[in-house]
$ cat target_16.txt   # compact mmCIF, C-alpha atoms
# COMPACT_ATOMS: atom_id res chain seq x y z
CA MET S 1 0.00 0.00 0.00
CA ARG S 2 1.22 3.51 -0.74
CA ARG S 3 -0.05 6.46 1.25
CA ILE S 4 -1.19 9.61 -0.49
CA ALA S 5 0.22 11.92 2.11
CA LEU S 6 -2.13 14.34 3.81
CA ALA S 7 -2.74 14.74 7.51
CA THR S 8 -6.51 15.00 7.87
CA VAL S 9 -8.08 16.48 11.01
CA LEU S 10 -11.62 15.38 11.76
CA LEU S 11 -13.85 18.15 13.08
CA LEU S 12 -15.41 16.04 15.80
CA THR S 13 -12.42 14.03 16.98
CA VAL S 14 -9.57 16.38 16.03
CA THR S 15 -7.51 13.33 15.11
CA ALA S 16 -4.82 13.20 12.43
CA CYS S 17 -5.01 10.39 9.90
CA SER S 18 -3.76 9.61 6.39
CA SER S 19 -5.90 8.68 3.40
CA ARG S 20 -4.73 5.62 1.49
CA GLN S 21 -4.82 4.46 -2.11
CA THR S 22 -3.45 1.25 -3.63
CA ARG S 23 -0.32 1.26 -5.80
CA ASP S 24 -2.38 -0.23 -8.67
CA ALA S 25 -4.90 2.58 -8.44
CA ILE S 26 -2.19 5.21 -8.42
CA GLN S 27 -0.44 3.57 -11.38
CA GLU S 28 -3.75 3.55 -13.20
CA ASN S 29 -4.11 7.26 -12.48
CA GLU S 30 -0.60 7.90 -13.74
CA ASP S 31 -1.20 5.93 -16.94
CA ARG S 32 -4.38 7.86 -17.65
CA ILE S 33 -2.79 11.25 -17.30
CA VAL S 34 0.40 10.88 -19.36
CA ALA S 35 -1.31 12.78 -22.16
CA LEU S 36 -2.58 15.37 -19.70
CA GLU S 37 0.95 15.98 -18.40
CA GLU S 38 2.15 16.64 -21.94
CA VAL S 39 -0.65 19.16 -22.43
CA LEU S 40 0.19 20.90 -19.14
CA ALA S 41 3.88 21.08 -19.98
CA THR S 42 3.08 22.56 -23.40
CA ALA S 43 0.65 25.06 -21.89
CA ALA S 44 3.19 26.13 -19.28
CA THR S 45 5.81 26.73 -21.97
CA SER S 46 3.43 28.69 -24.17
CA THR S 47 2.29 31.00 -21.34
CA THR S 48 5.80 31.94 -20.22
CA THR S 49 6.73 35.49 -21.19
CA THR S 50 9.21 36.01 -24.01
CA GLU S 51 11.52 37.80 -21.56
CA ALA S 52 11.93 34.52 -19.68
CA PRO S 53 12.82 31.82 -22.23
CA THR S 54 14.92 29.74 -19.84
CA THR S 55 14.03 27.80 -16.72
CA THR S 56 16.07 30.10 -14.51
CA ALA S 57 14.31 33.17 -15.92
CA LEU S 58 10.98 31.72 -14.86
CA THR S 59 11.89 32.39 -11.26
CA GLU S 60 13.77 35.62 -11.79
CA VAL S 61 11.25 37.43 -13.98
CA THR S 62 7.76 35.98 -14.19
CA MET S 63 7.36 35.02 -10.54
CA VAL S 64 7.95 38.52 -9.20
CA ASP S 65 5.85 40.61 -11.57
CA LEU S 66 3.34 38.39 -13.32
CA PRO S 67 1.70 40.12 -16.28
CA ALA S 68 -1.91 41.22 -16.03
CA SER S 69 -3.99 38.45 -17.50
CA ALA S 70 -7.56 37.28 -17.90
CA GLU S 71 -6.20 33.89 -16.81
CA PRO S 72 -4.19 34.63 -13.64
CA VAL S 73 -4.17 31.03 -12.42
CA ALA S 74 -2.70 29.90 -15.75
CA GLU S 75 0.03 32.52 -15.39
CA ILE S 76 0.74 31.41 -11.83
CA PHE S 77 0.93 27.77 -12.88
CA ALA S 78 3.25 28.57 -15.78
CA ALA S 79 5.57 30.45 -13.44
CA VAL S 80 5.55 28.21 -10.37
CA GLY S 81 4.62 24.79 -11.77
CA PRO S 82 8.17 23.92 -12.91
CA ALA S 83 9.37 24.25 -9.30
CA VAL S 84 6.77 21.80 -7.96
CA VAL S 85 7.91 18.21 -7.57
CA GLN S 86 6.26 14.92 -6.73
CA LEU S 87 7.82 12.96 -3.87
CA GLU S 88 7.46 9.21 -3.65
CA THR S 89 8.59 6.81 -0.92
CA SER S 90 8.08 3.09 -0.58
CA ASP S 91 4.52 3.62 0.66
CA ALA S 92 3.67 7.32 0.36
CA LEU S 93 3.25 10.01 -2.24
CA GLY S 94 3.14 13.77 -1.79
CA ALA S 95 4.52 16.99 -3.19
CA GLY S 96 7.23 19.55 -2.55
CA VAL S 97 8.59 22.81 -3.92
CA LEU S 98 12.13 23.63 -5.01
CA TYR S 99 13.31 26.86 -3.42
CA SER S 100 17.06 26.87 -4.09
CA THR S 101 19.36 25.96 -6.98
CA GLU S 102 21.23 23.95 -4.34
CA GLY S 103 18.44 21.44 -4.89
CA LEU S 104 16.57 22.17 -1.65
CA ILE S 105 12.92 21.14 -1.54
CA LEU S 106 10.42 22.21 1.11
CA THR S 107 7.75 19.67 1.95
CA ALA S 108 5.62 18.37 4.83
CA ALA S 109 7.27 16.07 7.35
CA HIS S 110 4.48 13.50 7.19
CA VAL S 111 5.22 13.01 3.48
CA VAL S 112 8.74 11.71 4.14
CA GLU S 113 8.45 10.42 7.71
CA GLY S 114 10.78 7.52 8.46
CA GLU S 115 12.64 7.86 5.15
CA THR S 116 16.23 8.83 4.34
CA GLU S 117 15.84 8.72 0.54
CA VAL S 118 12.87 9.57 -1.68
CA LEU S 119 12.16 9.51 -5.40
CA VAL S 120 11.74 13.05 -6.76
CA ARG S 121 9.82 13.56 -9.99
CA LEU S 122 10.46 16.91 -11.66
CA PHE S 123 8.08 18.94 -13.81
CA ASP S 124 9.74 17.72 -17.02
CA GLY S 125 9.33 14.05 -16.07
CA ARG S 126 12.89 13.39 -14.87
CA THR S 127 13.21 11.33 -11.70
CA LEU S 128 16.06 11.83 -9.25
CA GLU S 129 17.05 10.37 -5.91
CA GLY S 130 16.47 12.85 -3.11
CA THR S 131 18.02 12.84 0.35
CA VAL S 132 15.87 13.72 3.35
CA LEU S 133 17.98 16.27 5.22
CA GLY S 134 15.65 16.27 8.18
CA PHE S 135 12.18 16.99 9.46
CA HIS S 136 10.46 18.62 12.42
CA ASP S 137 7.39 16.86 13.79
CA VAL S 138 5.95 19.82 15.71
CA THR S 139 5.67 22.10 12.67
CA ASP S 140 5.41 19.22 10.14
CA VAL S 141 8.18 20.75 8.00
CA ALA S 142 10.84 18.74 6.15
CA VAL S 143 13.61 19.42 3.65
CA VAL S 144 14.70 17.10 0.82
CA GLN S 145 17.73 17.72 -1.38
CA ILE S 146 18.52 16.69 -4.95
CA PRO S 147 21.79 17.46 -6.81
CA ALA S 148 22.41 21.18 -7.21
CA ALA S 149 22.11 22.76 -10.67
CA ASP S 150 22.08 26.36 -11.82
CA ASP S 151 19.12 25.72 -14.12
CA LEU S 152 16.84 24.19 -11.50
CA PRO S 153 13.47 26.00 -11.55
CA VAL S 154 13.01 27.46 -8.07
CA ALA S 155 10.02 29.16 -6.49
CA ILE S 156 10.20 32.50 -4.72
CA LEU S 157 9.19 32.31 -1.07
CA GLY S 158 6.88 35.09 0.09
CA LEU S 159 8.82 35.78 3.28
CA GLY S 160 7.33 38.70 5.19
CA VAL S 161 4.49 39.07 2.69
CA ASP S 162 1.33 40.60 4.13
CA THR S 163 -1.15 37.89 3.19
CA LYS S 164 -4.75 39.14 3.23
CA VAL S 165 -8.08 37.39 3.64
CA GLY S 166 -9.90 37.21 0.31
CA GLN S 167 -6.85 37.29 -1.95
CA LEU S 168 -6.33 34.67 -4.64
CA ALA S 169 -4.67 31.43 -3.52
CA VAL S 170 -3.51 28.57 -5.77
CA ALA S 171 -2.57 25.15 -4.40
CA LEU S 172 -0.18 23.00 -6.44
CA GLY S 173 0.61 19.34 -5.90
CA SER S 174 -0.30 15.74 -6.73
CA PRO S 175 -3.80 15.02 -5.36
CA PHE S 176 -4.58 11.30 -5.60
CA GLY S 177 -1.42 10.88 -7.69
CA PHE S 178 -2.39 13.41 -10.35
CA ASP S 179 0.86 15.35 -10.41
CA GLN S 180 1.13 18.97 -11.56
CA THR S 181 -2.42 19.76 -10.47
CA ALA S 182 -3.52 23.33 -9.72
CA THR S 183 -6.59 24.25 -7.66
CA ALA S 184 -7.66 27.81 -6.98
CA GLY S 185 -9.58 29.65 -4.31
CA ILE S 186 -8.97 32.40 -1.82
CA VAL S 187 -7.17 32.90 1.45
CA SER S 188 -9.96 32.23 3.94
CA ALA S 189 -8.05 33.30 7.06
CA VAL S 190 -4.52 34.10 8.14
CA ASP S 191 -2.59 33.41 11.33
CA ARG S 192 -4.68 30.39 12.26
CA VAL S 193 -3.07 28.38 15.06
CA VAL S 194 -3.76 24.74 14.26
CA ARG S 195 -2.05 22.09 16.39
CA THR S 196 0.16 24.89 17.79
CA VAL S 197 1.38 25.78 14.27
CA THR S 198 0.74 29.05 12.43
CA MET S 199 -1.16 28.38 9.23
CA VAL S 200 -2.91 30.03 6.29
CA GLN S 201 -6.49 28.83 5.77
CA THR S 202 -7.74 28.43 2.21
CA ASP S 203 -10.73 27.08 0.32
CA ALA S 204 -8.52 26.02 -2.62
CA ALA S 205 -9.05 22.27 -2.86
CA ILE S 206 -6.37 20.36 -0.91
CA ASN S 207 -6.62 16.58 -1.04
CA PRO S 208 -4.42 13.54 -0.30
CA GLY S 209 -1.24 14.02 -2.34
CA ASN S 210 -1.27 17.83 -2.06
CA SER S 211 0.69 17.68 1.18
CA GLY S 212 4.04 19.42 0.95
CA GLY S 213 3.15 21.37 -2.19
CA PRO S 214 3.02 25.16 -2.25
CA LEU S 215 0.14 27.53 -1.67
CA VAL S 216 0.86 30.47 -3.97
CA ASP S 217 -0.37 34.05 -4.21
CA SER S 218 -1.24 36.06 -7.33
CA SER S 219 2.37 37.24 -7.67
CA GLY S 220 3.64 33.68 -7.82
CA ARG S 221 5.10 33.73 -4.32
CA VAL S 222 4.84 30.74 -2.00
CA ILE S 223 2.85 31.79 1.07
CA GLY S 224 2.43 28.36 2.63
CA ILE S 225 3.16 24.63 2.48
CA ASN S 226 -0.07 22.62 2.05
CA ASP S 227 -0.55 20.41 5.07
CA ILE S 228 -3.97 19.46 6.47
CA ILE S 229 -7.72 19.66 5.92
CA PHE S 230 -10.65 19.75 8.29
CA THR S 231 -13.28 17.28 7.19
CA GLU S 232 -15.99 14.95 8.42
CA SER S 233 -15.92 12.74 5.34
CA GLY S 234 -12.21 12.47 4.56
CA ASP S 235 -12.66 14.55 1.41
CA ASN S 236 -11.96 18.22 0.85
CA ALA S 237 -14.63 20.43 2.38
CA GLY S 238 -13.12 23.78 1.49
CA VAL S 239 -11.28 24.17 4.79
CA GLY S 240 -7.61 23.52 4.17
CA PHE S 241 -4.47 24.74 5.89
CA ALA S 242 -0.95 25.50 4.75
CA ILE S 243 2.00 26.02 7.08
CA SER S 244 2.98 29.68 7.07
CA ILE S 245 6.00 30.11 4.79
CA ASP S 246 7.76 32.32 7.34
CA LEU S 247 7.59 29.54 9.92
CA ALA S 248 8.46 26.83 7.40
CA TYR S 249 11.56 28.75 6.31
CA VAL S 250 12.79 29.31 9.89
CA VAL S 251 12.57 25.55 10.43
CA ALA S 252 14.08 24.69 7.05
CA GLU S 253 17.11 26.90 7.64
CA GLN S 254 17.95 25.02 10.81
CA ILE S 255 17.43 21.63 9.15
CA VAL S 256 19.75 22.56 6.27
CA ALA S 257 22.37 23.78 8.76
CA GLY S 258 22.22 20.40 10.49
CA GLU S 259 20.98 21.95 13.73
CA GLU S 260 18.37 20.72 16.16
CA VAL S 261 15.26 22.72 15.33
CA GLN S 262 14.33 25.32 17.92
CA LEU S 263 11.47 27.80 17.67
CA ALA S 264 11.46 31.36 18.96
CA PHE S 265 10.54 31.71 22.64
CA LEU S 266 9.58 34.89 24.50
CA GLY S 267 9.13 33.32 27.91
CA VAL S 268 5.67 34.33 29.12
CA GLY S 269 2.46 32.61 30.08
CA VAL S 270 -0.53 34.70 29.01
CA SER S 271 -4.30 34.92 29.08
CA ASP S 272 -6.81 36.97 27.11
CA ALA S 273 -6.85 40.54 28.42
CA GLY S 274 -10.35 41.30 27.13
CA GLY S 275 -12.16 44.50 27.98
CA ASP S 276 -11.27 47.77 26.29
CA ASN S 277 -7.64 46.79 25.74
CA PRO S 278 -7.50 43.42 23.97
CA GLY S 279 -4.21 41.58 23.92
CA ALA S 280 -2.21 39.09 25.98
CA ARG S 281 -2.08 39.56 29.75
CA VAL S 282 1.19 38.36 31.27
CA GLU S 283 0.45 35.73 33.93
CA GLU S 284 3.87 34.11 34.17
CA ILE S 285 7.45 35.04 33.29
CA VAL S 286 10.08 32.37 32.68
CA PRO S 287 13.33 33.07 34.56
CA ASP S 288 16.32 34.07 32.39
CA SER S 289 14.05 34.51 29.36
CA GLY S 290 13.83 37.33 26.86
CA ALA S 291 10.67 38.53 28.59
CA GLU S 292 12.44 38.83 31.95
CA ALA S 293 15.44 40.59 30.39
CA ALA S 294 13.08 43.07 28.70
CA GLY S 295 11.56 43.98 32.06
CA LEU S 296 8.07 42.59 31.52
CA GLN S 297 5.98 42.35 34.67
CA LEU S 298 3.03 40.26 35.78
CA GLY S 299 -0.17 42.01 34.78
CA ASP S 300 1.34 43.75 31.75
CA VAL S 301 -0.89 43.55 28.68
CA ILE S 302 1.02 43.00 25.43
CA THR S 303 -1.02 44.78 22.77
CA ALA S 304 1.28 44.59 19.73
CA VAL S 305 4.43 42.93 18.40
CA ASN S 306 6.50 45.00 15.97
CA GLY S 307 3.50 47.30 15.65
CA VAL S 308 1.06 44.53 14.69
CA PRO S 309 -1.90 44.57 17.13
CA LEU S 310 -2.97 41.53 19.15
CA THR S 311 -6.66 40.85 19.60
CA GLU S 312 -6.29 37.82 21.88
CA SER S 313 -3.59 35.91 23.70
CA SER S 314 -3.16 33.30 20.95
CA ASP S 315 -2.05 36.08 18.59
CA LEU S 316 1.12 36.46 20.63
CA ARG S 317 2.24 32.95 19.74
CA VAL S 318 1.52 33.66 16.07
CA ARG S 319 3.71 36.77 16.12
CA ILE S 320 6.57 35.07 17.98
CA ILE S 321 6.73 31.58 16.47
CA GLU S 322 7.41 32.89 12.96
CA LYS S 323 10.51 34.75 14.17
CA ALA S 324 13.98 33.27 14.26
CA PRO S 325 15.42 32.48 17.70
CA PHE S 326 17.47 35.40 19.08
CA GLU S 327 15.70 37.94 16.87
CA VAL S 328 14.85 41.26 18.56
CA VAL S 329 11.17 42.24 18.64
CA GLU S 330 9.41 45.40 19.77
CA LEU S 331 6.60 44.86 22.25
CA THR S 332 3.88 47.41 22.94
CA ILE S 333 2.51 46.95 26.45
CA LEU S 334 -0.01 48.54 28.78
CA ARG S 335 1.11 48.79 32.39
CA GLU S 336 -1.38 50.30 34.81
CA GLY S 337 -2.97 52.24 31.98
CA ILE S 338 0.28 53.61 30.58
CA GLU S 339 1.47 52.49 27.13
CA LEU S 340 5.13 51.49 26.95
CA THR S 341 7.39 50.09 24.25
CA VAL S 342 10.17 47.65 25.07
CA GLU S 343 12.55 45.51 23.03
CA ALA S 344 12.94 41.83 23.77
CA THR S 345 15.55 39.43 22.44
CA LEU S 346 13.85 36.11 21.80
CA GLY S 347 15.30 32.90 23.11
CA ASP S 348 14.49 29.43 21.80
CA THR S 349 12.28 26.58 22.91
CA SER S 350 15.15 24.84 24.72
CA GLN S 351 14.42 27.36 27.49
CA SER S 352 10.88 26.08 27.90
CA SER S 353 11.89 22.72 29.33
$ encode --input "target_16.txt" --output "structure tokens"
Amino acid sequence: MRRIALATVLLLTVTACSSRQTRDAIQENEDRIVALEEVLATAATSTTTTEAPTTTALTEVTMVDLPASAEPVAEIFAAVGPAVVQLETSDALGAGVLYSTEGLILTAAHVVEGETEVLVRLFDGRTLEGTVLGFHDVTDVAVVQIPAADDLPVAILGLGVDTKVGQLAVALGSPFGFDQTATAGIVSAVDRVVRTVTMVQTDAAINPGNSGGPLVDSSGRVIGINDIIFTESGDNAGVGFAISIDLAYVVAEQIVAGEEVQLAFLGVGVSDAGGDNPGARVEEIVPDSGAEAAGLQLGDVITAVNGVPLTESSDLRVRIIEKAPFEVVELTILREGIELTVEATLGDTSQSS
């Protein structure tokens, strides 16, 4: 049996599971869509701008400033599709996205769990052996590497991009084994904390096999790594989630460096402040943490991080977890009715134990 990788969260039980499909069924799918792949490859080539005739130019020109078009999804697919790969293990199949000419591929950890090598299928049909550099279970982020090449098509990561509710979102991947599939919708919500991980919510169809593929905005930038769906039936119900690209990149950088993955840590326990001054009320301060060094006190209400307002206590985790450990952040706080601004140097999650 080969898993089509997608962690599915049931609304009632909030339990992760993986949909399954037989190898014969997947092979049958693959046989049926050989002609479709050829059509997609031809369409992608024909929609690329004349200023970007080479694979490298796809990422350097068309993905930053996509031309105005009556078919924006087609333009997005033509620009980003070549960087999307299919990942296959002995019993699982998912997707990933190339983000460096060093051959680095971002994907979901549950796609490659337990594996050291995976088969990587590129947009042009070539298959290469990929090495799993590492994965992080908490965030469900993993990195796979294939041989470096200057002409590898790489996607642009939308690091620091202000993703907005209602904007166009395109999910790319291999649902049910149909590789190089694009589905479109909108960003349904941002900064969702799902299983303690910051995610982008979308109604673009995400199904088994989409896991690890990119969620892309209208400028062709990757804003998330497709990861889970909420469903009662096991099928897509228009409520899918992609790991925030800022968080995924922080984790990936540590994996590539061969380090144990640590997430940013402020060092406070908080509750909802409520009332006229929403935010995160400080209920606990961890000794020797960034919060203590910054002079935070019990009862302080953190109302913003780097100028971005907090509406509830969970927003604080969203703002912190996407930062790199030891980054400096500006905290706006209310202390006995007086607004103050302090700087805090974040620690890492090793301090939380």
$ residues_near_point --input "target_16.txt" --point "(6.6, 20.3, -7.1)" --cutoff "9 Å" --atoms "all atoms listed in the file" --output "ChimeraX atom specification"
/S:80-87,95-98,105,120-123,172-174,179-180,212-214
$ atom_distance --input "target_16.txt" --atom1 "CA of Gly185 in chain S" --atom2 "CA of His136 in chain S"
28.3 Å
$ closest_residue --input "target_16.txt" --among "S:Val261, S:Glu115, S:Asp203, S:Leu93" --to "Phe178 in chain S" --atoms "all atoms listed in the file"
S:Leu93
$ residues_around --input "target_16.txt" --residues "Ala344 in chain S" --least-positions-apart "3" --cutoff "9 Å" --atoms "only C-alpha atoms" --output "ChimeraX atom specification"
/S:266,290-295,327-331
$ closest_residue --input "target_16.txt" --among "S:Gly224, S:Gln262, S:Phe230, S:Ala171" --to "Ala204 in chain S" --atoms "only C-alpha atoms"
S:Ala171
$ residues_near_point --input "target_16.txt" --point "(-5.4, 24.3, -8.8)" --cutoff "6 Å" --atoms "only C-alpha atoms" --output "short mmCIF file (atom, residue, chain, number, x, y, z; two decimals) with C-alpha atoms, in the frame of the given file"
data_model
loop_
_atom_site.label_atom_id
_atom_site.label_comp_id
_atom_site.auth_asym_id
_atom_site.auth_seq_id
_atom_site.Cartn_x
_atom_site.Cartn_y
_atom_site.Cartn_z
CA VAL S 170 -3.51 28.57 -5.77
CA ALA S 171 -2.57 25.15 -4.40
CA LEU S 172 -0.18 23.00 -6.44
CA THR S 181 -2.42 19.76 -10.47
CA ALA S 182 -3.52 23.33 -9.72
CA THR S 183 -6.59 24.25 -7.66
CA ALA S 184 -7.66 27.81 -6.98
#
$ atom_distance --input "target_16.txt" --atom1 "CA of Thr107 in chain S" --atom2 "CA of Val308 in chain S"
28.7 Å
$ atom_distance --input "target_16.txt" --atom1 "CA of Leu128 in chain S" --atom2 "CA of Ile146 in chain S"
6.9 Å
$ axis_aligned_box --input "target_16.txt" --around "range 124-142 of chain S" --padding-each-side "6 Å" --output "lines of an AutoDock Vina configuration file"
center_x = 11.7
center_y = 16.2
center_z = -0.7
size_x = 24.6
size_y = 23.7
size_z = 44.7
$ residues_around --input "target_16.txt" --residues "range 272-277 of chain S" --least-positions-apart "2" --cutoff "8 Å" --atoms "all atoms listed in the file" --output "list in words"
Val270, Gly279, Ala280, Arg281, Val301, Thr303, Glu312 and Ser313 of chain S
$ residues_around --input "target_16.txt" --residues "Ile255 in chain S" --least-positions-apart "3" --cutoff "12 Å" --atoms "only C-alpha atoms" --output "mmCIF file with C-alpha atoms, keeping the file's coordinate frame"
data_model
loop_
_atom_site.group_PDB
_atom_site.id
_atom_site.type_symbol
_atom_site.label_atom_id
_atom_site.label_comp_id
_atom_site.auth_asym_id
_atom_site.auth_seq_id
_atom_site.Cartn_x
_atom_site.Cartn_y
_atom_site.Cartn_z
ATOM 1 C CA LEU S 104 16.570 22.170 -1.650
ATOM 2 C CA ILE S 105 12.920 21.140 -1.540
ATOM 3 C CA LEU S 106 10.420 22.210 1.110
ATOM 4 C CA ALA S 109 7.270 16.070 7.350
ATOM 5 C CA VAL S 132 15.870 13.720 3.350
ATOM 6 C CA LEU S 133 17.980 16.270 5.220
ATOM 7 C CA GLY S 134 15.650 16.270 8.180
ATOM 8 C CA PHE S 135 12.180 16.990 9.460
ATOM 9 C CA HIS S 136 10.460 18.620 12.420
ATOM 10 C CA VAL S 141 8.180 20.750 8.000
ATOM 11 C CA ALA S 142 10.840 18.740 6.150
ATOM 12 C CA VAL S 143 13.610 19.420 3.650
ATOM 13 C CA VAL S 144 14.700 17.100 0.820
ATOM 14 C CA GLN S 145 17.730 17.720 -1.380
ATOM 15 C CA ALA S 248 8.460 26.830 7.400
ATOM 16 C CA TYR S 249 11.560 28.750 6.310
ATOM 17 C CA VAL S 250 12.790 29.310 9.890
ATOM 18 C CA VAL S 251 12.570 25.550 10.430
ATOM 19 C CA ALA S 252 14.080 24.690 7.050
ATOM 20 C CA GLY S 258 22.220 20.400 10.490
ATOM 21 C CA GLU S 259 20.980 21.950 13.730
ATOM 22 C CA GLU S 260 18.370 20.720 16.160
ATOM 23 C CA VAL S 261 15.260 22.720 15.330
ATOM 24 C CA GLN S 262 14.330 25.320 17.920
#
$ closest_residue --input "target_16.txt" --among "S:Ile229, S:Pro325, S:Ala149, S:Glu88" --to "Gly130 in chain S" --atoms "only C-alpha atoms"
S:Glu88
$ residues_around --input "target_16.txt" --residues "Gln201 in chain S" --least-positions-apart "6" --cutoff "9 Å" --atoms "only C-alpha atoms" --output "PDB file with C-alpha atoms, in the coordinates of the input"
ATOM      1  CA  VAL S 165      -8.080  37.390   3.640  1.00  0.00           C
ATOM      2  CA  ILE S 186      -8.970  32.400  -1.820  1.00  0.00           C
ATOM      3  CA  VAL S 187      -7.170  32.900   1.450  1.00  0.00           C
ATOM      4  CA  SER S 188      -9.960  32.230   3.940  1.00  0.00           C
ATOM      5  CA  ALA S 189      -8.050  33.300   7.060  1.00  0.00           C
ATOM      6  CA  VAL S 190      -4.520  34.100   8.140  1.00  0.00           C
ATOM      7  CA  ASP S 191      -2.590  33.410  11.330  1.00  0.00           C
ATOM      8  CA  ARG S 192      -4.680  30.390  12.260  1.00  0.00           C
ATOM      9  CA  VAL S 239     -11.280  24.170   4.790  1.00  0.00           C
ATOM     10  CA  GLY S 240      -7.610  23.520   4.170  1.00  0.00           C
ATOM     11  CA  PHE S 241      -4.470  24.740   5.890  1.00  0.00           C
ATOM     12  CA  ALA S 242      -0.950  25.500   4.750  1.00  0.00           C
TER      13      ALA S 242
END
$ closest_residue --input "target_16.txt" --among "S:Val222, S:Leu247, S:Ile285, S:Ala78" --to "Lys323 in chain S" --atoms "only C-alpha atoms"
S:Leu247
$ closest_residue --input "target_16.txt" --among "S:Ala70, S:Ile302, S:Thr163, S:Ala155" --to "Leu340 in chain S" --atoms "all atoms listed in the file"
S:Ile302
$ closest_residue --input "target_16.txt" --among "S:Leu298, S:Val193, S:Ile156, S:Val286" --to "Leu316 in chain S" --atoms "only C-alpha atoms"
S:Val193
